[in-house]
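Below is run.cif, holding mmCIF, C-alpha atoms.
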```
data_structure
#
loop_
_atom_site.group_PDB
_atom_site.id
_atom_site.type_symbol
_atom_site.label_atom_id
_atom_site.label_comp_id
_atom_site.auth_asym_id
_atom_site.auth_seq_id
_atom_site.Cartn_x
_atom_site.Cartn_y
_atom_site.Cartn_z
ATOM 1 C CA GLU C 1 45.646 35.744 49.917
ATOM 2 C CA SER C 2 48.015 37.633 52.224
ATOM 3 C CA LEU C 3 49.092 39.943 49.391
ATOM 4 C CA LEU C 4 45.464 40.701 48.563
ATOM 5 C CA GLY C 5 44.897 41.464 52.241
ATOM 6 C CA LEU C 6 47.696 44.019 52.050
ATOM 7 C CA ALA C 7 46.261 45.392 48.806
ATOM 8 C CA LEU C 8 42.887 45.787 50.503
ATOM 9 C CA LYS C 9 44.428 47.715 53.396
ATOM 10 C CA ALA C 10 46.275 49.957 50.945
ATOM 11 C CA ALA C 11 43.156 50.547 48.824
ATOM 12 C CA GLU C 12 41.130 51.422 51.921
ATOM 13 C CA ALA C 13 43.871 53.763 53.159
ATOM 14 C CA VAL C 14 43.976 55.851 49.978
ATOM 15 C CA SER C 15 40.273 55.719 49.108
ATOM 16 C CA SER C 16 37.215 57.460 50.354
ATOM 17 C CA GLU C 17 34.563 55.240 51.874
ATOM 18 C CA GLY C 18 32.755 53.258 49.203
ATOM 19 C CA HIS C 19 35.342 53.864 46.477
ATOM 20 C CA PRO C 20 35.298 51.383 43.527
ATOM 21 C CA ARG C 21 39.031 50.783 44.016
ATOM 22 C CA VAL C 22 38.182 48.761 47.125
ATOM 23 C CA ALA C 23 35.579 46.739 45.201
ATOM 24 C CA ALA C 24 38.207 45.441 42.784
ATOM 25 C CA VAL C 25 40.317 44.029 45.619
ATOM 26 C CA LEU C 26 37.234 42.539 47.288
ATOM 27 C CA LEU C 27 36.401 40.809 44.003
ATOM 28 C CA LEU C 28 39.838 39.226 43.846
ATOM 29 C CA LEU C 29 39.672 38.127 47.482
ATOM 30 C CA GLY C 30 36.235 36.652 46.803
ATOM 31 C CA LYS C 31 37.713 34.615 43.953
ATOM 32 C CA VAL C 32 40.406 33.257 46.274
ATOM 33 C CA TYR C 33 37.854 32.296 48.920
ATOM 34 C CA SER C 34 35.431 30.732 46.441
ATOM 35 C CA ARG C 35 38.164 28.618 44.871
ATOM 36 C CA THR C 36 39.365 27.412 48.265
ATOM 37 C CA GLY C 37 35.907 26.330 49.424
ATOM 38 C CA ARG C 38 35.196 29.241 51.756
ATOM 39 C CA VAL C 39 31.956 30.131 50.019
ATOM 40 C CA MET C 40 30.342 32.062 52.871
ATOM 41 C CA PHE C 41 33.297 34.454 53.019
ATOM 42 C CA ALA C 42 33.361 34.659 49.225
ATOM 43 C CA GLU C 43 29.677 35.525 49.052
ATOM 44 C CA GLY C 44 30.106 38.303 51.604
ATOM 45 C CA LEU C 45 33.030 39.799 49.693
ATOM 46 C CA TYR C 46 31.183 39.601 46.380
ATOM 47 C CA ARG C 47 28.095 41.229 47.906
ATOM 48 C CA GLU C 48 30.168 44.069 49.336
ATOM 49 C CA SER C 49 31.882 44.562 45.976
ATOM 50 C CA ILE C 50 28.488 44.563 44.233
ATOM 51 C CA LYS C 51 27.271 47.184 46.697
ATOM 52 C CA LEU C 52 30.333 49.408 46.209
ATOM 53 C CA LEU C 53 29.996 49.278 42.413
ATOM 54 C CA ARG C 54 26.220 49.777 42.631
ATOM 55 C CA LEU C 55 25.831 46.731 40.418
ATOM 56 C CA ASP C 56 22.252 45.570 39.932
ATOM 57 C CA ALA C 57 21.675 42.334 38.011
ATOM 58 C CA ALA C 58 18.457 43.783 36.603
ATOM 59 C CA ARG C 59 20.107 47.048 35.451
ATOM 60 C CA PRO C 60 23.765 46.296 34.681
ATOM 61 C CA GLN C 61 24.195 49.322 32.415
ATOM 62 C CA ALA C 62 23.905 51.621 35.464
ATOM 63 C CA VAL C 63 27.046 50.224 37.135
ATOM 64 C CA LYS C 64 29.694 52.610 38.478
ATOM 65 C CA ALA C 65 32.694 50.712 37.086
ATOM 66 C CA HIS C 66 34.316 49.679 33.841
ATOM 67 C CA PRO C 67 32.176 46.938 32.236
ATOM 68 C CA SER C 68 35.134 44.534 32.216
ATOM 69 C CA LEU C 69 35.463 44.637 35.994
ATOM 70 C CA ALA C 70 31.699 44.544 36.530
ATOM 71 C CA ALA C 71 31.372 41.565 34.150
ATOM 72 C CA MET C 72 34.104 39.702 36.020
ATOM 73 C CA LEU C 73 32.319 40.356 39.320
ATOM 74 C CA ALA C 74 28.899 39.343 37.978
ATOM 75 C CA TRP C 75 30.314 36.148 36.403
ATOM 76 C CA SER C 76 32.229 35.217 39.557
ATOM 77 C CA TYR C 77 29.097 35.715 41.645
ATOM 78 C CA HIS C 78 27.127 33.673 39.090
ATOM 79 C CA GLN C 79 29.644 30.826 39.416
ATOM 80 C CA LEU C 80 29.312 30.946 43.195
ATOM 81 C CA MET C 81 25.508 30.871 43.001
ATOM 82 C CA MET C 82 25.768 27.825 40.696
ATOM 83 C CA ALA C 83 27.720 26.014 43.419
ATOM 84 C CA LEU C 84 25.180 26.720 46.161
ATOM 85 C CA PRO C 85 21.922 24.838 46.647
ATOM 86 C CA ASN C 86 18.635 26.546 45.727
ATOM 87 C CA ARG C 87 20.284 29.596 44.146
ATOM 88 C CA GLY C 88 19.472 28.831 40.495
ATOM 89 C CA SER C 89 17.333 31.910 39.896
ATOM 90 C CA ASP C 90 20.019 34.168 41.383
ATOM 91 C CA ALA C 91 22.626 32.435 39.228
ATOM 92 C CA ALA C 92 20.554 32.984 36.080
ATOM 93 C CA ALA C 93 20.113 36.698 36.795
ATOM 94 C CA TRP C 94 23.837 37.206 37.381
ATOM 95 C CA GLU C 95 24.728 35.173 34.287
ATOM 96 C CA LYS C 96 22.561 37.465 32.152
ATOM 97 C CA CYS C 97 24.063 40.532 33.822
ATOM 98 C CA ALA C 98 27.618 39.296 33.235
ATOM 99 C CA GLY C 99 26.924 38.555 29.578
ATOM 100 C CA GLY C 100 25.499 42.010 28.985
ATOM 101 C CA LEU C 101 28.444 43.728 30.639
ATOM 102 C CA TRP C 102 30.947 41.490 28.841
ATOM 103 C CA SER C 103 29.504 42.625 25.506
ATOM 104 C CA LEU C 104 30.172 46.244 26.519
ATOM 105 C CA ALA C 105 33.883 45.515 27.018
ATOM 106 C CA PRO C 106 35.086 44.414 23.572
ATOM 107 C CA THR C 107 38.734 45.222 24.265
ATOM 108 C CA THR C 108 38.570 42.850 27.212
ATOM 109 C CA SER C 109 36.671 40.017 25.605
ATOM 110 C CA HIS C 110 38.487 40.099 22.237
ATOM 111 C CA GLY C 111 35.356 38.497 20.808
ATOM 112 C CA ARG C 112 35.553 35.497 23.146
ATOM 113 C CA ASN C 113 32.774 34.027 25.235
ATOM 114 C CA ILE C 114 32.913 34.963 28.925
ATOM 115 C CA ALA C 115 32.985 31.310 30.033
ATOM 116 C CA ASP C 116 35.990 30.652 27.773
ATOM 117 C CA VAL C 117 37.889 33.358 29.643
ATOM 118 C CA LEU C 118 36.574 33.242 33.225
ATOM 119 C CA GLY C 119 35.630 29.569 33.455
ATOM 120 C CA ALA C 120 32.549 27.425 33.043
ATOM 121 C CA PRO C 121 29.433 28.248 35.091
ATOM 122 C CA GLU C 122 29.813 25.098 37.207
ATOM 123 C CA ARG C 123 33.576 25.406 37.609
ATOM 124 C CA LEU C 124 33.375 25.691 41.397
ATOM 125 C CA LYS C 125 31.629 22.310 41.434
ATOM 126 C CA GLY C 126 34.569 20.876 39.523
ATOM 127 C CA HIS C 127 32.804 20.744 36.150
ATOM 128 C CA GLY C 128 33.927 22.414 32.943
ATOM 129 C CA ASP C 129 36.933 24.351 31.821
ATOM 130 C CA ALA C 130 38.793 26.766 34.113
ATOM 131 C CA GLY C 131 38.997 29.394 31.363
ATOM 132 C CA SER C 132 42.022 31.080 29.875
ATOM 133 C CA GLY C 133 42.093 33.646 32.676
ATOM 134 C CA ALA C 134 42.059 37.391 33.130
ATOM 135 C CA PHE C 135 43.945 39.879 35.213
ATOM 136 C CA VAL C 136 42.855 43.050 36.972
ATOM 137 C CA VAL C 137 44.829 46.279 36.993
ATOM 138 C CA LEU C 138 43.801 47.850 40.283
ATOM 139 C CA GLN C 139 44.925 51.365 39.366
ATOM 140 C CA LEU C 140 42.740 51.297 36.243
ATOM 141 C CA ARG C 141 39.984 49.190 37.841
ATOM 142 C CA ARG C 142 39.716 47.131 34.661
ATOM 143 C CA ALA C 143 39.993 43.471 33.812
ATOM 144 C CA PHE C 144 42.092 42.337 30.880
ATOM 145 C CA THR C 145 42.428 39.020 29.108
ATOM 146 C CA PRO C 146 45.570 37.792 27.463
ATOM 147 C CA LEU C 147 45.419 37.916 23.694
ATOM 148 C CA LYS C 148 44.502 34.631 22.111
ATOM 149 C CA PRO C 149 47.531 33.086 20.377
ATOM 150 C CA THR C 150 47.183 32.981 16.606
#
```
What does this structure look like when you write it as structure tokens?
Amino acid sequence: ESLLGLALKAAEAVSSEGHPRVAAVLLLLGKVYSRTGRVMFAEGLYRESIKLLRLDAARPQAVKAHPSLAAMLAWSYHQLMMALPNRGSDAAAWEKCAGGLWSLAPTTSHGRNIADVLGAPERLKGHGDAGSGAFVVLQLRRAFTPLKPT
């Protein structure tokens, strides 16, 4: 968390206001907060990241970021909505958005389902698999998944 805080300060220092570079760090901070039970902070960070990337669940193809990063953000927000009461319709919209973006990033997905990589929809409630994981290269503003062992 402290290292991501430093990364956020650095990204803000070298970026113009509203730059997508900042959104990638906000996404990662949101993941930390959501996984440590600080869902209100996580939601705020995800919303700010969504705003910076101009991500719209109804029109995901218009996003101003690589589809891998946008898919990771949409899926993470979907998982958070699944953990909150009365947010089912929001969760469904973000799940659809994430799936569409994931399909546009074949070098990221390697043909795998998004939930297999980023975790089950109800993971924040303690249900389902955590996923194999992904990493974000901030300079490239892209998410990558490790290759599946053969």
Computed interatomic separation between CA of Ala62 in chain C and CA of Arg123 in chain C (Å): 28.0 Å
Neighbour list for Gln61 in chain C as a VMD selection string, cut-off 12 Å, all atoms listed in the file, skip fewer than 6 positions in-chain: chain C and resid 53 to 55 67 to 68 70 to 71 96 to 105
Draw an axis-aligned box tight on the listed atoms of range 91-95 of chain C, then pad every side by 3 Å and write out centre and edge lengths in Å to one decimal as JSON.
```
{"center_x": 22.4, "center_y": 34.8, "center_z": 36.8, "size_x": 10.6, "size_y": 10.8, "size_z": 10.9}
```
Check which residues satisfy the PyMOL selection byres ((chain C and resi 8) around 12) in the file shown, then give them as a PDB file with C-alpha atoms, keeping the file's coordinate frame.
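To be explicit, this is the file written out as selection14.pdb:
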```
ATOM      1  CA  GLU C   1      45.646  35.744  49.917  1.00  0.00           C
ATOM      2  CA  SER C   2      48.015  37.633  52.224  1.00  0.00           C
ATOM      3  CA  LEU C   3      49.092  39.943  49.391  1.00  0.00           C
ATOM      4  CA  LEU C   4      45.464  40.701  48.563  1.00  0.00           C
ATOM      5  CA  GLY C   5      44.897  41.464  52.241  1.00  0.00           C
ATOM      6  CA  LEU C   6      47.696  44.019  52.050  1.00  0.00           C
ATOM      7  CA  ALA C   7      46.261  45.392  48.806  1.00  0.00           C
ATOM      8  CA  LYS C   9      44.428  47.715  53.396  1.00  0.00           C
ATOM      9  CA  ALA C  10      46.275  49.957  50.945  1.00  0.00           C
ATOM     10  CA  ALA C  11      43.156  50.547  48.824  1.00  0.00           C
ATOM     11  CA  GLU C  12      41.130  51.422  51.921  1.00  0.00           C
ATOM     12  CA  ALA C  13      43.871  53.763  53.159  1.00  0.00           C
ATOM     13  CA  VAL C  14      43.976  55.851  49.978  1.00  0.00           C
ATOM     14  CA  SER C  15      40.273  55.719  49.108  1.00  0.00           C
ATOM     15  CA  HIS C  19      35.342  53.864  46.477  1.00  0.00           C
ATOM     16  CA  PRO C  20      35.298  51.383  43.527  1.00  0.00           C
ATOM     17  CA  ARG C  21      39.031  50.783  44.016  1.00  0.00           C
ATOM     18  CA  VAL C  22      38.182  48.761  47.125  1.00  0.00           C
ATOM     19  CA  ALA C  23      35.579  46.739  45.201  1.00  0.00           C
ATOM     20  CA  ALA C  24      38.207  45.441  42.784  1.00  0.00           C
ATOM     21  CA  VAL C  25      40.317  44.029  45.619  1.00  0.00           C
ATOM     22  CA  LEU C  26      37.234  42.539  47.288  1.00  0.00           C
ATOM     23  CA  LEU C  27      36.401  40.809  44.003  1.00  0.00           C
ATOM     24  CA  LEU C  28      39.838  39.226  43.846  1.00  0.00           C
ATOM     25  CA  LEU C  29      39.672  38.127  47.482  1.00  0.00           C
ATOM     26  CA  GLY C  30      36.235  36.652  46.803  1.00  0.00           C
ATOM     27  CA  LEU C  45      33.030  39.799  49.693  1.00  0.00           C
ATOM     28  CA  SER C  49      31.882  44.562  45.976  1.00  0.00           C
ATOM     29  CA  LEU C 138      43.801  47.850  40.283  1.00  0.00           C
TER      30      LEU C 138
END
```
Expected selection from the PyMOL selection byres ((chain C and resi 91) around 12), given as a compact mmCIF listing (two decimals) with C-alpha atoms, in the coordinates of the input:
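Contents of part24.txt, freshly written:
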```txt
# COMPACT_ATOMS: atom_id res chain seq x y z
CA ALA C 57 21.68 42.33 38.01
CA ALA C 74 28.90 39.34 37.98
CA TRP C 75 30.31 36.15 36.40
CA SER C 76 32.23 35.22 39.56
CA TYR C 77 29.10 35.72 41.64
CA HIS C 78 27.13 33.67 39.09
CA GLN C 79 29.64 30.83 39.42
CA LEU C 80 29.31 30.95 43.20
CA MET C 81 25.51 30.87 43.00
CA MET C 82 25.77 27.82 40.70
CA ALA C 83 27.72 26.01 43.42
CA LEU C 84 25.18 26.72 46.16
CA PRO C 85 21.92 24.84 46.65
CA ASN C 86 18.64 26.55 45.73
CA ARG C 87 20.28 29.60 44.15
CA GLY C 88 19.47 28.83 40.49
CA SER C 89 17.33 31.91 39.90
CA ASP C 90 20.02 34.17 41.38
CA ALA C 92 20.55 32.98 36.08
CA ALA C 93 20.11 36.70 36.80
CA TRP C 94 23.84 37.21 37.38
CA GLU C 95 24.73 35.17 34.29
CA LYS C 96 22.56 37.47 32.15
CA CYS C 97 24.06 40.53 33.82
CA ALA C 98 27.62 39.30 33.24
CA PRO C 121 29.43 28.25 35.09
CA GLU C 122 29.81 25.10 37.21
```
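Atom pair CA of Pro60 in chain C / CA of Thr36 in chain C has a distance of 28.0 Å (rounded to one decimal).
Between CA of Tyr33 in chain C and CA of Arg59 in chain C the separation is 26.7 Å.
Nearest residue to Gly119 in chain C among C:Gly44, C:His66, C:Arg35, C:Ala58 is C:Arg35, counting only C-alpha atoms.
Checking C:Lys51, C:Ala65, C:Ser16, C:Asn113 one by one against Gly131 in chain C, counting all atoms listed in the file, you find the shortest gap at C:Asn113.
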